[in-house]
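Visitor: There's a structure below that I have some questions on.
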Protein chains: 2
Amino acid sequence: MGKGEHTRLAILDAALAQASECGFESLTIGSLAERAGLSKSGLFAHFGSREELQIAAIGVAAERFVETVFRPALKAPRGLPRLQALFDHWLAWTESSGLAHGCPMQAAAVEFDDRPGPVRDAVVGHYRHLDRETGRAVRIAVLEGHLRSDLDVEQFVFELLGIVFSYYHHARLLCAEDATKRARAAFERLIAHAAVQPS
Amino acid sequence: MGKGEHTRLAILDAALAQASECGFESLTIGSLAERAGLSKSGLFAHFGSREELQIAAIGVAAERFVETVFRPALKAPRGLPRLQALFDHWLAWTESSGLAHGCPMQAAAVEFDDRPGPVRDAVVGHYRHLDRETGRAVRIAVLEGHLRSDLDVEQFVFELLGIVFSYYHHARLLCAEDATKRARAAFERLIAHAAVQPS
DNA sequence: GCTTTAATAGTACGACCGTTCGTTTTATTT
DNA sequence: AAATAAAACGAACGGTCGTACTATTAAAGC
């Protein structure tokens with residue numbers, strides 16, 4: 001790995017931290033250069049444009065999400081345990097990956113949901129991937145016999161995402177102490193409804 | 001009403017439209033002045049600072065939300081019907097109030113959830129109010145005998161908010177056609193679980 | 001209609017924006 | 001060690017940012 005590659009990663013690391021705090025729109029060349037200890041032009045040369053920088057930052061955010069949330073969950077047994085692990089890692093992923101200030105992907109989702117362009121496309125791509133992979137995990141739980149076979153998987157994923165969003169909201173904005181507890185309770189209810197023989 | 005008051009409202013109207021598209025951080029004096037048909041300094045004089053402008057914009061966003069979502073719901077019968085009306089208006093409120101590009105309050109929530117200051121305080125205040133009022137509506141449904149008396153109201157509100165967030169996400173970012181259908185199904189499930197005699 | 005006050009315009013400012021360019025320093029290769 | 005390529009720098013550009021002033025216009029009160 002050349003030296004350029006290394007600093008590029010360092011830049012993106014700083015970019016992720018910044019985006020976690022203040023969103024991707026706050027990723028300015030100047031402030032990021034200062035944070036990364038480079039000159040503006042030196043940093044700029046790595047990406048060629050601010051937009052490319054934002055796209056790259058979203059890319060590593062997505063990548064890190066997968067590695068922090070999905071990959072570890074694969075170590076859990078197929079089916080319900082894996083789904084539970086997925087959810088647990090999801091709730092804690094920003095902390096466990098050093099992004100102390102909220103999920104950058106969610107920030108990007110809200111920032112760009114109405115601004116067509118390559119940045120938005122990147123965000124959409126990530127979330128579609130997320131939906132797909134989550135659905136896959138749910139389907140495995142169905143195949144394993146942990147969840148009922150007539151389960152509406154898309155609906156399950158829709159509601160699961162809602163729980164995570166509400167968790168982020170209560171934990172970060174409202175600083176609610178019981179956000180984790182509420183999220184887990186909601187998840188339990190979701191699972192209970194999807195389990196075989198819903199009482 | 002003096003003329004100043006009138007233009008001030010017009011400015012905030014334009015501000016809301018802009019914030020709905022690109023967030024509150026995109027509320028710059030210059031661009032907003034152009035949109036409102038004023039000079040930069042003429043607009044600036046109405047608020048004294050950009051921050052005050054942002055706070056004022058969040059104020060009218062919250063106000064409009066209450067008037068579009070909560071007030072009309074009061075016309076529905078107390079209890080479950082009112083809760084259903086509340087939810088329906090909530091899903092459609094950005095369109096029905098002319099904000100064609102997403103809920104500005106949610107945008108503000110994500111933008112400022114990690115940036116202490118008066119703007120954040122305003123956002124937090126609104127959402128606390130929202131939680132409280134929604135809880136009140138749920139409690140009424142309990143009193144009316146439509147929902148079970150041992151219902152965890154806070155939990156109910158937590159999950160309801162999650163449904164709305166997931167709806168926004170799928171409808172706006174992913175442009176999912178079935179977002180409304182999914183949201184309603186999730187709501188139905190939430191109600192069913194909270195209803196008396198959960199099957 | 002005149003005076004007073006409120007509302008808007010105009011201009012200027014320093015700071016920062018993304019970007020370009022030429023130069024200099026640092027790595028890599030031969 | 002010399003030659004070449006990669007990487008970082010520093011200065012500058014045109015623009016826009018928020019904000020501070022003063023001047024000008026429109027409204028309000030008498």
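Going through the structure tokens in order, the chains are called A, B, and so on, while each chain numbers its residues from 1 and the ligands are numbered from 1 in the order shown.
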Can you pull out the residues contacting range 17-23 of chain D? Cut-off 12 Å, using only C-alpha atoms (C1' of nucleotides), and skip same-chain residues under 2 positions away; I want them as a PyMOL selection string.
Guide: (chain B and resi 26-31+40-41+44-45+47-51+53) or (chain C and resi 8-17) or (chain D and resi 15+25)
Visitor: Kindly provide, as an MDAnalysis selection string, the residues of chain B having any atom no farther than 7 Å from an atom of chain A, counting only C-alpha atoms.
Guide: chainID B and resid 21:23 101 107 109:111 113:114 124 155 158:159 161:163 165:166 172:174 182 186
Visitor: Convert the current residue selection to file output with N, CA and C atoms, as an mmCIF file, in the first residue's frame.
Guide:
```cif
data_model
loop_
_atom_site.group_PDB
_atom_site.id
_atom_site.type_symbol
_atom_site.label_atom_id
_atom_site.label_comp_id
_atom_site.auth_asym_id
_atom_site.auth_seq_id
_atom_site.Cartn_x
_atom_site.Cartn_y
_atom_site.Cartn_z
ATOM 1 N N GLU B 21 -36.707 20.861 1.724
ATOM 2 C CA GLU B 21 -35.913 20.283 0.646
ATOM 3 C C GLU B 21 -34.511 19.900 1.090
ATOM 4 N N CYS B 22 -33.839 20.865 1.693
ATOM 5 C CA CYS B 22 -32.406 20.697 1.923
ATOM 6 C C CYS B 22 -31.980 20.851 3.368
ATOM 7 N N GLY B 23 -32.919 20.892 4.271
ATOM 8 C CA GLY B 23 -32.558 20.968 5.671
ATOM 9 C C GLY B 23 -32.337 22.381 6.168
ATOM 10 N N HIS B 101 -41.298 18.196 0.274
ATOM 11 C CA HIS B 101 -40.029 17.464 0.328
ATOM 12 C C HIS B 101 -39.642 16.996 1.721
ATOM 13 N N ALA B 107 -35.808 16.450 9.710
ATOM 14 C CA ALA B 107 -34.527 16.943 9.210
ATOM 15 C C ALA B 107 -33.779 17.678 10.317
ATOM 16 N N ALA B 109 -34.176 17.336 13.473
ATOM 17 C CA ALA B 109 -33.811 16.407 14.537
ATOM 18 C C ALA B 109 -32.476 15.731 14.248
ATOM 19 N N VAL B 110 -32.297 15.310 13.012
ATOM 20 C CA VAL B 110 -31.067 14.611 12.662
ATOM 21 C C VAL B 110 -29.898 15.592 12.536
ATOM 22 N N GLU B 111 -30.196 16.773 12.037
ATOM 23 C CA GLU B 111 -29.126 17.750 11.839
ATOM 24 C C GLU B 111 -28.540 18.244 13.164
ATOM 25 N N ASP B 113 -29.021 16.865 16.361
ATOM 26 C CA ASP B 113 -29.063 15.982 17.521
ATOM 27 C C ASP B 113 -27.725 15.938 18.254
ATOM 28 N N ASP B 114 -26.690 16.422 17.621
ATOM 29 C CA ASP B 114 -25.396 16.414 18.304
ATOM 30 C C ASP B 114 -24.746 17.776 18.335
ATOM 31 N N VAL B 124 -35.662 19.757 20.396
ATOM 32 C CA VAL B 124 -35.957 18.848 21.495
ATOM 33 C C VAL B 124 -37.294 19.208 22.139
ATOM 34 N N GLN B 155 -44.094 3.029 25.755
ATOM 35 C CA GLN B 155 -43.645 2.033 24.784
ATOM 36 C C GLN B 155 -44.448 2.135 23.494
ATOM 37 N N PHE B 158 -43.248 5.098 21.584
ATOM 38 C CA PHE B 158 -41.934 4.777 21.012
ATOM 39 C C PHE B 158 -42.090 4.011 19.702
ATOM 40 N N GLU B 159 -42.925 3.027 19.712
ATOM 41 C CA GLU B 159 -43.094 2.192 18.528
ATOM 42 C C GLU B 159 -43.861 2.924 17.433
ATOM 43 N N LEU B 161 -43.768 6.109 16.833
ATOM 44 C CA LEU B 161 -42.803 7.013 16.204
ATOM 45 C C LEU B 161 -41.906 6.254 15.238
ATOM 46 N N GLY B 162 -41.538 5.046 15.626
ATOM 47 C CA GLY B 162 -40.710 4.227 14.751
ATOM 48 C C GLY B 162 -41.400 3.935 13.426
ATOM 49 N N ILE B 163 -42.685 3.667 13.484
ATOM 50 C CA ILE B 163 -43.432 3.398 12.251
ATOM 51 C C ILE B 163 -43.396 4.616 11.341
ATOM 52 N N PHE B 165 -41.181 7.039 11.290
ATOM 53 C CA PHE B 165 -39.825 7.236 10.771
ATOM 54 C C PHE B 165 -39.528 6.271 9.631
ATOM 55 N N SER B 166 -39.907 5.026 9.834
ATOM 56 C CA SER B 166 -39.650 4.043 8.787
ATOM 57 C C SER B 166 -40.465 4.379 7.539
ATOM 58 N N ARG B 172 -39.613 8.460 1.167
ATOM 59 C CA ARG B 172 -38.843 9.561 0.610
ATOM 60 C C ARG B 172 -37.517 9.096 0.025
ATOM 61 N N LEU B 173 -36.769 8.336 0.800
ATOM 62 C CA LEU B 173 -35.448 7.934 0.302
ATOM 63 C C LEU B 173 -35.556 6.792 -0.699
ATOM 64 N N LEU B 174 -36.277 5.777 -0.329
ATOM 65 C CA LEU B 174 -36.323 4.595 -1.186
ATOM 66 C C LEU B 174 -37.454 4.648 -2.206
ATOM 67 N N ARG B 182 -47.409 -0.436 4.210
ATOM 68 C CA ARG B 182 -46.606 -1.046 5.287
ATOM 69 C C ARG B 182 -46.836 -0.306 6.603
ATOM 70 N N ALA B 186 -48.320 -1.885 10.003
ATOM 71 C CA ALA B 186 -47.597 -1.838 11.279
ATOM 72 C C ALA B 186 -48.469 -1.203 12.355
#
```
Visitor: Taking the DSSP secondary structure from the backbone, can you list the residues of chain B that are helix (DSSP H, G or I), as JSON, numbers by chain?
Guide: {"B": [3, 4, 5, 6, 7, 8, 9, 10, 11, 12, 13, 14, 15, 16, 17, 18, 19, 20, 21, 22, 24, 25, 26, 29, 30, 31, 32, 33, 34, 35, 36, 40, 41, 42, 43, 44, 50, 51, 52, 53, 54, 55, 56, 57, 58, 59, 60, 61, 62, 63, 64, 65, 66, 67, 68, 69, 70, 71, 72, 73, 80, 81, 82, 83, 84, 85, 86, 87, 88, 89, 90, 91, 92, 93, 94, 95, 96, 104, 105, 106, 107, 108, 109, 110, 111, 112, 118, 119, 120, 121, 122, 123, 124, 125, 126, 127, 128, 129, 130, 131, 132, 133, 134, 135, 136, 137, 138, 139, 140, 141, 142, 143, 153, 154, 155, 156, 157, 158, 159, 160, 161, 162, 163, 164, 165, 166, 167, 168, 169, 170, 171, 172, 173, 179, 180, 181, 182, 183, 184, 185, 186, 187, 188, 189, 190, 191, 192, 193, 194]}
Visitor: When distances are computed from only C-alpha atoms (C1' of nucleotides), which of C:DT24, C:DT19, C:DT3, C:DT29 shows the smallest separation from chain A?
Guide: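 Of C:DT24, C:DT19, C:DT3, C:DT29, the one nearest chain A is C:DT19, counting only C-alpha atoms (C1' of nucleotides).
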Visitor: Can you tell me which residues surround Glu144 in chain A at a distance of at most 7 Å, considering only C-alpha atoms (C1' of nucleotides), apart from same-chain residues fewer than 3 positions away, and format the answer as number ranges by chain?
Guide: A: 79, 140-141
Visitor: Write a file of the selected residues as a short mmCIF file (atom, residue, chain, number, x, y, z; two decimals), in the first residue's frame, keeping N, CA, C and O atoms.
Guide:
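Output below, filename out07.cif:
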```cif
data_model
loop_
_atom_site.label_atom_id
_atom_site.label_comp_id
_atom_site.auth_asym_id
_atom_site.auth_seq_id
_atom_site.Cartn_x
_atom_site.Cartn_y
_atom_site.Cartn_z
N GLY A 79 -30.62 -18.22 12.07
CA GLY A 79 -31.99 -18.08 12.53
C GLY A 79 -32.14 -16.99 13.57
O GLY A 79 -31.51 -15.93 13.49
N ILE A 140 -33.84 -16.66 6.68
CA ILE A 140 -33.12 -17.80 7.26
C ILE A 140 -33.81 -18.27 8.54
O ILE A 140 -33.99 -19.46 8.79
N ALA A 141 -34.25 -17.28 9.33
CA ALA A 141 -34.95 -17.64 10.57
C ALA A 141 -36.25 -18.37 10.26
O ALA A 141 -36.69 -19.23 11.03
#
```
Visitor: Write out as a list in words the residues lying within 7 Å of range 69-75 of chain B, counting only C-alpha atoms (C1' of nucleotides) and excluding same-chain residues fewer than 4 positions away.
Guide: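 In the requested format, the answer is Phe65, Arg82, Ala85, Leu86, His89, Trp90 and Trp93 of chain B.
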Visitor: If the cut-off is 12 Å, can you tell me the residues of chain B near chain C, counting only C-alpha atoms (C1' of nucleotides)? I'd like them as JSON, numbers by chain.
Guide: {"B": [2, 3, 4, 5, 6, 7, 8, 33, 37, 38, 39, 40, 41, 42, 43, 44, 45, 46]}
Visitor: When you look at Gly98 in chain B with a cut-off of 10 Å (counting only C-alpha atoms (C1' of nucleotides)), what residues show up, excluding the ones that are within fewer than 6 positions of it in the same chain? I need them as a list of chain:residue names.
Guide: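 So the residues in contact are B:Asp13, B:Leu16, B:Ala17, B:Ser20.
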